[in-house]
>>> print(open('coords15.tsv').read())   # TSV, N, CA and C atoms
chain	number	residue	atom	x	y	z
A	1	GLN	N	-1.18	5.01	21.18
A	1	GLN	CA	-2.23	4.82	20.20
A	1	GLN	C	-1.60	4.79	18.80
A	2	VAL	N	-1.95	3.76	18.05
A	2	VAL	CA	-1.40	3.61	16.71
A	2	VAL	C	-2.23	4.42	15.72
A	3	GLN	N	-1.52	5.15	14.88
A	3	GLN	CA	-2.19	5.88	13.79
A	3	GLN	C	-1.45	5.61	12.49
A	4	VAL	N	-2.23	5.35	11.47
A	4	VAL	CA	-1.70	5.17	10.12
A	4	VAL	C	-2.43	6.16	9.23
A	5	VAL	N	-1.67	7.02	8.57
A	5	VAL	CA	-2.29	8.09	7.81
A	5	VAL	C	-1.73	8.13	6.39
A	6	GLU	N	-2.62	7.96	5.42
A	6	GLU	CA	-2.22	8.04	4.03
A	6	GLU	C	-2.41	9.47	3.50
A	7	SER	N	-1.62	9.79	2.49
A	7	SER	CA	-1.75	11.07	1.82
A	7	SER	C	-1.22	10.94	0.40
A	8	GLY	N	-1.48	11.96	-0.40
A	8	GLY	CA	-0.91	12.00	-1.75
A	8	GLY	C	-1.87	11.63	-2.86
A	9	GLY	N	-3.07	11.22	-2.51
A	9	GLY	CA	-4.04	10.92	-3.55
A	9	GLY	C	-4.51	12.17	-4.27
A	10	GLY	N	-5.27	11.97	-5.32
A	10	GLY	CA	-5.79	13.12	-6.05
A	10	GLY	C	-6.40	12.69	-7.37
A	11	SER	N	-6.74	13.68	-8.17
A	11	SER	CA	-7.32	13.44	-9.49
A	11	SER	C	-6.28	13.73	-10.54
A	12	VAL	N	-6.01	12.76	-11.38
A	12	VAL	CA	-4.99	12.91	-12.41
A	12	VAL	C	-5.51	12.34	-13.73
A	13	GLN	N	-4.85	12.71	-14.79
A	13	GLN	CA	-5.20	12.17	-16.10
A	13	GLN	C	-4.44	10.87	-16.34
A	14	ALA	N	-5.02	10.05	-17.17
A	14	ALA	CA	-4.37	8.80	-17.53
A	14	ALA	C	-2.97	9.08	-18.06
A	15	GLY	N	-2.05	8.23	-17.65
A	15	GLY	CA	-0.66	8.40	-18.05
A	15	GLY	C	0.17	9.17	-17.04
A	16	GLY	N	-0.49	9.80	-16.09
A	16	GLY	CA	0.21	10.57	-15.08
A	16	GLY	C	0.75	9.69	-13.97
A	17	SER	N	1.31	10.35	-12.96
A	17	SER	CA	1.92	9.66	-11.83
A	17	SER	C	1.46	10.28	-10.52
A	18	LEU	N	1.50	9.47	-9.51
A	18	LEU	CA	1.23	9.94	-8.14
A	18	LEU	C	2.17	9.20	-7.20
A	19	ARG	N	2.52	9.87	-6.12
A	19	ARG	CA	3.25	9.19	-5.06
A	19	ARG	C	2.42	9.28	-3.79
A	20	LEU	N	1.98	8.14	-3.32
A	20	LEU	CA	1.23	8.07	-2.08
A	20	LEU	C	2.20	7.88	-0.92
A	21	SER	N	1.86	8.47	0.19
A	21	SER	CA	2.67	8.33	1.40
A	21	SER	C	1.80	7.76	2.51
A	22	CYS	N	2.46	7.06	3.41
A	22	CYS	CA	1.78	6.49	4.56
A	22	CYS	C	2.68	6.67	5.76
A	23	ALA	N	2.21	7.45	6.71
A	23	ALA	CA	2.98	7.72	7.92
A	23	ALA	C	2.33	6.99	9.09
A	24	ALA	N	3.16	6.33	9.86
A	24	ALA	CA	2.66	5.59	11.02
A	24	ALA	C	3.25	6.17	12.29
A	25	SER	N	2.42	6.23	13.31
A	25	SER	CA	2.89	6.65	14.62
A	25	SER	C	2.36	5.68	15.65
A	26	GLY	N	3.08	5.57	16.76
A	26	GLY	CA	2.63	4.67	17.81
A	26	GLY	C	3.01	3.23	17.60
A	27	LEU	N	3.75	2.93	16.54
A	27	LEU	CA	4.24	1.57	16.35
A	27	LEU	C	5.59	1.64	15.66
A	28	PRO	N	6.47	0.69	15.97
A	28	PRO	CA	7.78	0.67	15.30
A	28	PRO	C	7.63	0.08	13.91
A	29	MET	N	7.46	0.95	12.93
A	29	MET	CA	7.19	0.49	11.58
A	29	MET	C	8.26	-0.47	11.08
A	30	SER	N	9.48	-0.32	11.58
A	30	SER	CA	10.57	-1.18	11.11
A	30	SER	C	10.35	-2.64	11.48
A	31	ASN	N	9.40	-2.92	12.35
A	31	ASN	CA	9.10	-4.29	12.74
A	31	ASN	C	7.95	-4.90	11.92
A	32	TYR	N	7.38	-4.11	11.03
A	32	TYR	CA	6.18	-4.54	10.34
A	32	TYR	C	6.36	-4.57	8.83
A	33	CYS	N	5.70	-5.53	8.23
A	33	CYS	CA	5.48	-5.50	6.80
A	33	CYS	C	4.42	-4.44	6.53
A	34	MET	N	4.63	-3.65	5.49
A	34	MET	CA	3.67	-2.62	5.14
A	34	MET	C	3.08	-2.95	3.78
A	35	GLY	N	1.78	-2.85	3.70
A	35	GLY	CA	1.10	-3.16	2.45
A	35	GLY	C	0.22	-2.02	1.99
A	36	TRP	N	0.01	-1.98	0.69
A	36	TRP	CA	-0.95	-1.05	0.09
A	36	TRP	C	-2.07	-1.88	-0.53
A	37	PHE	N	-3.28	-1.46	-0.24
A	37	PHE	CA	-4.47	-2.08	-0.80
A	37	PHE	C	-5.28	-1.00	-1.51
A	38	ARG	N	-6.17	-1.44	-2.37
A	38	ARG	CA	-7.08	-0.49	-2.99
A	38	ARG	C	-8.46	-1.12	-3.11
A	39	GLN	N	-9.44	-0.25	-3.12
A	39	GLN	CA	-10.82	-0.71	-3.24
A	39	GLN	C	-11.61	0.28	-4.07
A	40	ALA	N	-12.13	-0.22	-5.16
A	40	ALA	CA	-13.01	0.58	-6.02
A	40	ALA	C	-14.45	0.31	-5.62
A	41	PRO	N	-15.36	1.23	-5.89
A	41	PRO	CA	-16.77	1.01	-5.55
A	41	PRO	C	-17.29	-0.28	-6.15
A	42	GLY	N	-17.93	-1.09	-5.31
A	42	GLY	CA	-18.49	-2.34	-5.78
A	42	GLY	C	-17.51	-3.48	-5.92
A	43	SER	N	-16.26	-3.23	-5.55
A	43	SER	CA	-15.24	-4.26	-5.68
A	43	SER	C	-14.66	-4.62	-4.31
A	44	GLU	N	-14.03	-5.77	-4.25
A	44	GLU	CA	-13.36	-6.17	-3.03
A	44	GLU	C	-12.05	-5.42	-2.88
A	45	ARG	N	-11.58	-5.35	-1.65
A	45	ARG	CA	-10.29	-4.72	-1.42
A	45	ARG	C	-9.19	-5.63	-1.97
A	46	GLU	N	-8.27	-5.01	-2.68
A	46	GLU	CA	-7.23	-5.76	-3.39
A	46	GLU	C	-5.85	-5.34	-2.91
A	47	GLY	N	-5.03	-6.32	-2.56
A	47	GLY	CA	-3.65	-6.01	-2.22
A	47	GLY	C	-2.86	-5.70	-3.48
A	48	VAL	N	-2.19	-4.57	-3.52
A	48	VAL	CA	-1.44	-4.20	-4.72
A	48	VAL	C	0.07	-4.24	-4.52
A	49	ALA	N	0.54	-4.04	-3.30
A	49	ALA	CA	1.98	-4.07	-3.07
A	49	ALA	C	2.25	-4.25	-1.59
A	50	ALA	N	3.40	-4.82	-1.29
A	50	ALA	CA	3.82	-4.96	0.10
A	50	ALA	C	5.34	-4.94	0.15
A	51	ILE	N	5.86	-4.58	1.33
A	51	ILE	CA	7.30	-4.49	1.50
A	51	ILE	C	7.66	-5.04	2.87
A	52	SER	N	8.73	-5.82	2.92
A	52	SER	CA	9.16	-6.44	4.16
A	52	SER	C	9.66	-5.38	5.14
A	53	PRO	N	9.79	-5.73	6.41
A	53	PRO	CA	10.18	-4.75	7.42
A	53	PRO	C	11.48	-4.00	7.09
A	54	GLY	N	12.46	-4.70	6.58
A	54	GLY	CA	13.72	-4.06	6.25
A	54	GLY	C	13.78	-3.49	4.85
A	55	GLY	N	12.76	-3.75	4.07
A	55	GLY	CA	12.69	-3.22	2.72
A	55	GLY	C	13.38	-4.07	1.66
A	56	MET	N	13.86	-5.24	2.04
A	56	MET	CA	14.62	-6.06	1.08
A	56	MET	C	13.72	-6.83	0.13
A	57	THR	N	12.49	-7.08	0.56
A	57	THR	CA	11.57	-7.87	-0.26
A	57	THR	C	10.34	-7.04	-0.58
A	58	THR	N	9.96	-7.05	-1.84
A	58	THR	CA	8.75	-6.35	-2.26
A	58	THR	C	7.86	-7.31	-3.06
A	59	TYR	N	6.58	-7.08	-2.97
A	59	TYR	CA	5.60	-7.87	-3.69
A	59	TYR	C	4.66	-6.93	-4.44
A	60	TYR	N	4.20	-7.38	-5.58
A	60	TYR	CA	3.26	-6.61	-6.37
A	60	TYR	C	2.19	-7.53	-6.95
A	61	ALA	N	0.99	-6.99	-7.05
A	61	ALA	CA	-0.05	-7.70	-7.78
A	61	ALA	C	0.31	-7.68	-9.26
A	62	ASP	N	-0.11	-8.70	-9.97
A	62	ASP	CA	0.19	-8.78	-11.40
A	62	ASP	C	-0.36	-7.57	-12.16
A	63	SER	N	-1.50	-7.08	-11.70
A	63	SER	CA	-2.17	-5.99	-12.40
A	63	SER	C	-1.40	-4.68	-12.34
A	64	VAL	N	-0.47	-4.56	-11.42
A	64	VAL	CA	0.26	-3.29	-11.26
A	64	VAL	C	1.76	-3.43	-11.43
A	65	ASN	N	2.22	-4.65	-11.58
A	65	ASN	CA	3.66	-4.89	-11.66
A	65	ASN	C	4.26	-4.11	-12.83
A	66	GLY	N	5.33	-3.40	-12.51
A	66	GLY	CA	6.00	-2.59	-13.52
A	66	GLY	C	5.58	-1.14	-13.50
A	67	ARG	N	4.43	-0.86	-12.90
A	67	ARG	CA	3.95	0.52	-12.83
A	67	ARG	C	3.98	1.07	-11.42
A	68	PHE	N	3.86	0.19	-10.43
A	68	PHE	CA	3.85	0.59	-9.03
A	68	PHE	C	5.20	0.25	-8.40
A	69	THR	N	5.65	1.14	-7.53
A	69	THR	CA	6.88	0.89	-6.78
A	69	THR	C	6.64	1.23	-5.32
A	70	ILE	N	6.84	0.24	-4.47
A	70	ILE	CA	6.69	0.47	-3.03
A	70	ILE	C	8.08	0.64	-2.43
A	71	SER	N	8.18	1.55	-1.48
A	71	SER	CA	9.44	1.77	-0.79
A	71	SER	C	9.14	2.23	0.62
A	72	ARG	N	10.15	2.26	1.45
A	72	ARG	CA	9.93	2.69	2.82
A	72	ARG	C	11.15	3.40	3.36
A	73	ASP	N	10.90	4.28	4.32
A	73	ASP	CA	11.96	4.96	5.05
A	73	ASP	C	11.65	4.75	6.52
A	74	ASN	N	12.28	3.76	7.10
A	74	ASN	CA	11.96	3.42	8.49
A	74	ASN	C	12.38	4.53	9.46
A	75	ALA	N	13.36	5.29	9.10
A	75	ALA	CA	13.78	6.39	9.97
A	75	ALA	C	12.67	7.43	10.09
A	76	LYS	N	11.85	7.52	9.04
A	76	LYS	CA	10.74	8.48	9.04
A	76	LYS	C	9.41	7.80	9.32
A	77	ASN	N	9.45	6.48	9.55
A	77	ASN	CA	8.22	5.73	9.79
A	77	ASN	C	7.20	5.95	8.67
A	78	THR	N	7.72	5.92	7.45
A	78	THR	CA	6.88	6.23	6.30
A	78	THR	C	7.12	5.21	5.20
A	79	VAL	N	6.04	4.85	4.53
A	79	VAL	CA	6.11	3.98	3.36
A	79	VAL	C	5.47	4.72	2.20
A	80	TYR	N	5.97	4.44	1.00
A	80	TYR	CA	5.54	5.16	-0.18
A	80	TYR	C	5.03	4.19	-1.25
A	81	LEU	N	4.16	4.70	-2.09
A	81	LEU	CA	3.74	3.95	-3.27
A	81	LEU	C	3.78	4.91	-4.45
A	82	LEU	N	4.73	4.68	-5.34
A	82	LEU	CA	4.84	5.47	-6.55
A	82	LEU	C	4.05	4.76	-7.64
A	83	ILE	N	3.13	5.50	-8.24
A	83	ILE	CA	2.27	4.93	-9.27
A	83	ILE	C	2.53	5.67	-10.57
A	84	ASN	N	3.04	4.98	-11.54
A	84	ASN	CA	3.30	5.55	-12.87
A	84	ASN	C	2.28	5.03	-13.89
A	85	SER	N	2.21	5.73	-15.00
A	85	SER	CA	1.35	5.31	-16.11
A	85	SER	C	-0.06	4.98	-15.63
A	86	LEU	N	-0.62	5.90	-14.88
A	86	LEU	CA	-1.94	5.66	-14.28
A	86	LEU	C	-2.99	5.38	-15.34
A	87	LYS	N	-3.88	4.47	-15.00
A	87	LYS	CA	-4.99	4.08	-15.87
A	87	LYS	C	-6.31	4.36	-15.15
A	88	PRO	N	-7.37	4.57	-15.90
A	88	PRO	CA	-8.67	4.79	-15.24
A	88	PRO	C	-9.03	3.65	-14.28
A	89	GLU	N	-8.63	2.44	-14.59
A	89	GLU	CA	-8.95	1.31	-13.71
A	89	GLU	C	-8.15	1.31	-12.41
A	90	ASP	N	-7.20	2.23	-12.28
A	90	ASP	CA	-6.49	2.40	-11.02
A	90	ASP	C	-7.27	3.26	-10.03
A	91	SER	N	-8.35	3.85	-10.49
A	91	SER	CA	-9.16	4.69	-9.62
A	91	SER	C	-9.72	3.86	-8.48
A	92	ALA	N	-9.47	4.31	-7.26
A	92	ALA	CA	-9.89	3.57	-6.07
A	92	ALA	C	-9.48	4.34	-4.84
A	93	MET	N	-9.97	3.88	-3.71
A	93	MET	CA	-9.44	4.34	-2.43
A	93	MET	C	-8.24	3.45	-2.12
A	94	TYR	N	-7.13	4.08	-1.80
A	94	TYR	CA	-5.91	3.35	-1.50
A	94	TYR	C	-5.65	3.39	0.00
A	95	TYR	N	-5.41	2.20	0.54
A	95	TYR	CA	-5.19	2.05	1.97
A	95	TYR	C	-3.80	1.51	2.25
A	96	CYS	N	-3.25	1.96	3.35
A	96	CYS	CA	-1.98	1.47	3.85
A	96	CYS	C	-2.26	0.64	5.10
A	97	ALA	N	-1.49	-0.43	5.30
A	97	ALA	CA	-1.74	-1.29	6.45
A	97	ALA	C	-0.44	-1.93	6.91
A	98	ALA	N	-0.40	-2.29	8.19
A	98	ALA	CA	0.78	-2.89	8.81
A	98	ALA	C	0.46	-4.31	9.26
A	99	ALA	N	1.41	-5.21	9.00
A	99	ALA	CA	1.24	-6.61	9.38
A	99	ALA	C	2.53	-7.16	9.95
A	100	HIS	N	2.39	-8.13	10.82
A	100	HIS	CA	3.59	-8.84	11.27
A	100	HIS	C	4.12	-9.67	10.11
A	101	TRP	N	5.42	-9.59	9.91
A	101	TRP	CA	6.04	-10.29	8.79
A	101	TRP	C	5.91	-11.79	8.96
A	102	ARG	N	5.50	-12.46	7.90
A	102	ARG	CA	5.30	-13.91	7.94
A	102	ARG	C	6.23	-14.64	6.99
A	103	GLY	N	7.23	-13.92	6.50
A	103	GLY	CA	8.16	-14.56	5.59
A	103	GLY	C	7.67	-14.52	4.16
A	104	LEU	N	8.38	-15.20	3.31
A	104	LEU	CA	8.04	-15.19	1.90
A	104	LEU	C	6.73	-15.93	1.67
A	105	GLY	N	6.00	-15.52	0.64
A	105	GLY	CA	4.75	-16.19	0.33
A	105	GLY	C	3.70	-15.22	-0.15
A	106	THR	N	2.49	-15.70	-0.28
A	106	THR	CA	1.41	-14.88	-0.83
A	106	THR	C	0.49	-14.32	0.24
A	107	TRP	N	0.83	-14.51	1.50
A	107	TRP	CA	-0.03	-14.07	2.60
A	107	TRP	C	-0.27	-12.57	2.57
A	108	TRP	N	0.66	-11.84	1.96
A	108	TRP	CA	0.58	-10.39	2.00
A	108	TRP	C	-0.66	-9.88	1.26
A	109	ARG	N	-1.22	-10.71	0.39
A	109	ARG	CA	-2.38	-10.29	-0.40
A	109	ARG	C	-3.66	-10.19	0.43
A	110	SER	N	-3.69	-10.87	1.56
A	110	SER	CA	-4.94	-10.95	2.32
A	110	SER	C	-5.01	-9.85	3.36
A	111	GLU	N	-6.08	-9.08	3.30
A	111	GLU	CA	-6.26	-8.00	4.28
A	111	GLU	C	-6.43	-8.56	5.69
A	112	LEU	N	-6.80	-9.81	5.82
A	112	LEU	CA	-6.99	-10.41	7.13
A	112	LEU	C	-5.69	-10.49	7.91
A	113	ASN	N	-4.57	-10.43	7.23
A	113	ASN	CA	-3.27	-10.54	7.89
A	113	ASN	C	-2.73	-9.21	8.39
A	114	TYR	N	-3.44	-8.14	8.17
A	114	TYR	CA	-2.97	-6.82	8.54
A	114	TYR	C	-3.70	-6.32	9.77
A	115	ARG	N	-2.93	-5.78	10.69
A	115	ARG	CA	-3.50	-5.40	11.98
A	115	ARG	C	-3.91	-3.94	12.03
A	116	TYR	N	-3.10	-3.08	11.46
A	116	TYR	CA	-3.36	-1.64	11.57
A	116	TYR	C	-3.62	-1.06	10.18
A	117	TRP	N	-4.64	-0.21	10.10
A	117	TRP	CA	-5.08	0.34	8.83
A	117	TRP	C	-5.24	1.85	8.91
A	118	GLY	N	-4.97	2.49	7.78
A	118	GLY	CA	-5.28	3.90	7.66
A	118	GLY	C	-6.69	4.09	7.12
A	119	GLN	N	-7.08	5.35	6.96
A	119	GLN	CA	-8.42	5.68	6.49
A	119	GLN	C	-8.51	5.75	4.98
A	120	GLY	N	-7.37	5.77	4.32
A	120	GLY	CA	-7.37	5.74	2.87
A	120	GLY	C	-7.18	7.11	2.23
A	121	THR	N	-6.70	7.08	1.00
A	121	THR	CA	-6.57	8.29	0.19
A	121	THR	C	-7.11	7.96	-1.20
A	122	GLN	N	-7.91	8.86	-1.73
A	122	GLN	CA	-8.61	8.59	-2.99
A	122	GLN	C	-7.74	8.93	-4.19
A	123	VAL	N	-7.72	8.01	-5.13
A	123	VAL	CA	-7.06	8.23	-6.42
A	123	VAL	C	-8.11	8.12	-7.51
A	124	THR	N	-8.20	9.16	-8.32
A	124	THR	CA	-9.15	9.18	-9.42
A	124	THR	C	-8.40	9.49	-10.71
A	125	VAL	N	-8.54	8.61	-11.68
A	125	VAL	CA	-7.83	8.76	-12.94
A	125	VAL	C	-8.84	8.95	-14.06
A	126	SER	N	-8.70	10.04	-14.77
A	126	SER	CA	-9.61	10.32	-15.88
A	126	SER	C	-8.93	10.00	-17.21
A	127	SER	N	-9.74	9.57	-18.15
A	127	SER	CA	-9.19	9.20	-19.47
A	127	SER	C	-9.11	10.40	-20.40
>>> encode(input="coords15.tsv", output="structure tokens")
Amino acid sequence: QVQVVESGGGSVQAGGSLRLSCAASGLPMSNYCMGWFRQAPGSEREGVAAISPGGMTTYYADSVNGRFTISRDNAKNTVYLLINSLKPEDSAMYYCAAAHWRGLGTWWRSELNYRYWGQGTQVTVSS
């Protein structure tokens, strides 16, 4: 049984940092692209970052580029999202998901391409 579990969310003040973690069990994470998505109330789910199976390629949404850093430790079956310089507009539920790697391109942005999902971890940023 595949399980994807996010952790590390919380309530922080603007300008602060958080590191989200995503642990997967029941699947060889090293074979999957891992992505982070977020969804604020009333908004669509948005892909914010993704990392290739070996970790050599990373993608970021324009809205977070320079502030978010995705990384992975395949030995621990864990992927991370470091968020710096948090803004109130970063407040959302953050989800981790696994997808079969499709090579370079923009496919990583679409949640339809991801097979396994976690339940999410809430990030709330106050001004």
>>> closest_residue(input="coords15.tsv", among="A:Cys96, A:Ile70, A:Met29, A:Val79", to="Ala50 in chain A", atoms="all atoms listed in the file")
A:Ile70
>>> closest_atom_pairs(input="coords15.tsv", of="range 20-72 of chain A", to="range 97-110 of chain A", cutoff="6 Å", atoms="only N, CA and C atoms", output="Markdown table")
| residue | atom | partner | partner_atom | distance |
| --- | --- | --- | --- | --- |
| A:Asn31 | C | A:Trp101 | N | 5.7 |
| A:Tyr32 | CA | A:Ala99 | C | 4.5 |
| A:Cys33 | N | A:Ala99 | C | 4.0 |
| A:Met34 | CA | A:Ala97 | C | 4.5 |
| A:Gly35 | N | A:Ala97 | C | 4.0 |
| A:Trp36 | N | A:Ala97 | N | 5.1 |
| A:Phe37 | N | A:Ala97 | N | 5.9 |
| A:Gly47 | CA | A:Arg109 | CA | 4.8 |
>>> closest_residue(input="coords15.tsv", among="A:Gly26, A:Gly55, A:Gly42, A:Gly16", to="Leu82 in chain A", atoms="only C-alpha atoms")
A:Gly16
>>> atom_distance(input="coords15.tsv", atom1="atom C of Asn77 in chain A", atom2="CA of Cys22 in chain A")
6.8 Å
>>> select_by_dssp(input="coords15.tsv", residues="range 13-82 of chain A", states="helix (DSSP H, G or I)", output="PyMOL selection string")
chain A and resi 29-31+74-76
>>> atom_distance(input="coords15.tsv", atom1="CA of Ala49 in chain A", atom2="CA of Val64 in chain A")
8.4 Å
>>> closest_residue(input="coords15.tsv", among="A:Glu111, A:Asp62, A:Glu44, A:Asp90", to="Gly15 in chain A", atoms="only C-alpha atoms")
A:Asp90
>>> closest_residue(input="coords15.tsv", among="A:Ile51, A:Leu27, A:Val12, A:Leu18", to="Tyr116 in chain A", atoms="only C-alpha atoms")
A:Leu27
>>> closest_residue(input="coords15.tsv", among="A:Ser91, A:Thr78, A:Thr57, A:Thr121", to="Gly8 in chain A", atoms="all atoms listed in the file")
A:Thr121
>>> decode(input="coords15.tsv", residues="range 27-104 of chain A", atoms="C-alpha atoms", output="compact mmCIF listing (two decimals), in the first residue's frame")
# COMPACT_ATOMS: atom_id res chain seq x y z
CA LEU A 27 6.78 2.81 -3.66
CA PRO A 28 10.35 3.24 -4.87
CA MET A 29 10.51 7.01 -4.72
CA SER A 30 13.74 6.97 -6.71
CA ASN A 31 11.69 5.94 -9.74
CA TYR A 32 9.30 8.88 -9.50
CA CYS A 33 9.24 12.56 -10.12
CA MET A 34 8.08 14.27 -6.95
CA GLY A 35 6.06 17.43 -7.00
CA TRP A 36 4.74 19.94 -4.52
CA PHE A 37 1.38 21.58 -5.09
CA ARG A 38 -0.57 24.08 -3.06
CA GLN A 39 -4.19 25.06 -2.86
CA ALA A 40 -5.65 28.07 -1.14
CA PRO A 41 -9.37 28.30 -0.33
CA GLY A 42 -11.32 29.17 -3.44
CA SER A 43 -8.34 28.62 -5.72
CA GLU A 44 -7.23 25.84 -8.00
CA ARG A 45 -4.41 23.55 -7.02
CA GLU A 46 -1.13 24.98 -8.25
CA GLY A 47 2.10 23.17 -8.97
CA VAL A 48 4.92 25.02 -7.25
CA ALA A 49 7.94 22.74 -7.61
CA ALA A 50 9.02 19.37 -8.92
CA ILE A 51 12.17 17.29 -8.94
CA SER A 52 13.27 14.52 -11.26
CA PRO A 53 13.77 10.98 -9.93
CA GLY A 54 17.52 11.38 -9.56
CA GLY A 55 17.30 14.95 -8.36
CA MET A 56 19.25 16.44 -11.27
CA THR A 57 16.37 18.50 -12.63
CA THR A 58 14.17 20.85 -10.67
CA TYR A 59 11.24 23.00 -11.73
CA TYR A 60 9.61 25.95 -10.03
CA ALA A 61 6.57 28.07 -10.64
CA ASP A 62 7.43 31.66 -11.48
CA SER A 63 5.59 32.84 -8.38
CA VAL A 64 7.98 31.00 -6.06
CA ASN A 65 11.23 30.89 -7.98
CA GLY A 66 14.10 32.04 -5.84
CA ARG A 67 12.26 31.48 -2.57
CA PHE A 68 11.40 27.78 -2.77
CA THR A 69 13.93 24.97 -2.96
CA ILE A 70 12.96 21.38 -3.63
CA SER A 71 15.31 18.54 -2.80
CA ARG A 72 15.14 14.84 -2.21
CA ASP A 73 16.89 12.06 -0.33
CA ASN A 74 16.05 8.83 -2.11
CA ALA A 75 17.81 6.77 0.53
CA LYS A 76 15.23 8.07 3.00
CA ASN A 77 12.36 8.07 0.50
CA THR A 78 11.81 11.70 1.39
CA VAL A 79 11.43 14.92 -0.54
CA TYR A 80 11.69 18.39 0.94
CA LEU A 81 10.45 21.86 0.17
CA LEU A 82 12.32 24.72 1.78
CA ILE A 83 10.31 27.92 1.73
CA ASN A 84 12.09 31.18 2.49
CA SER A 85 10.82 34.74 2.70
CA LEU A 86 7.28 33.56 3.27
CA LYS A 87 4.48 35.84 2.16
CA PRO A 88 0.83 35.86 3.22
CA GLU A 89 -0.08 34.74 -0.31
CA ASP A 90 1.89 31.54 0.31
CA SER A 91 -0.79 30.48 2.77
CA ALA A 92 -2.32 27.26 1.48
CA MET A 93 -2.54 23.53 1.94
CA TYR A 94 0.63 22.04 0.50
CA TYR A 95 0.51 18.63 -1.11
CA CYS A 96 3.21 16.23 -2.18
CA ALA A 97 2.66 13.90 -5.12
CA ALA A 98 4.49 11.26 -7.16
CA ALA A 99 4.48 10.96 -10.94
CA HIS A 100 6.18 8.86 -13.55
CA TRP A 101 8.94 10.95 -15.07
CA ARG A 102 8.04 12.25 -18.52
CA GLY A 103 11.24 14.06 -19.31
CA LEU A 104 11.81 17.74 -19.66
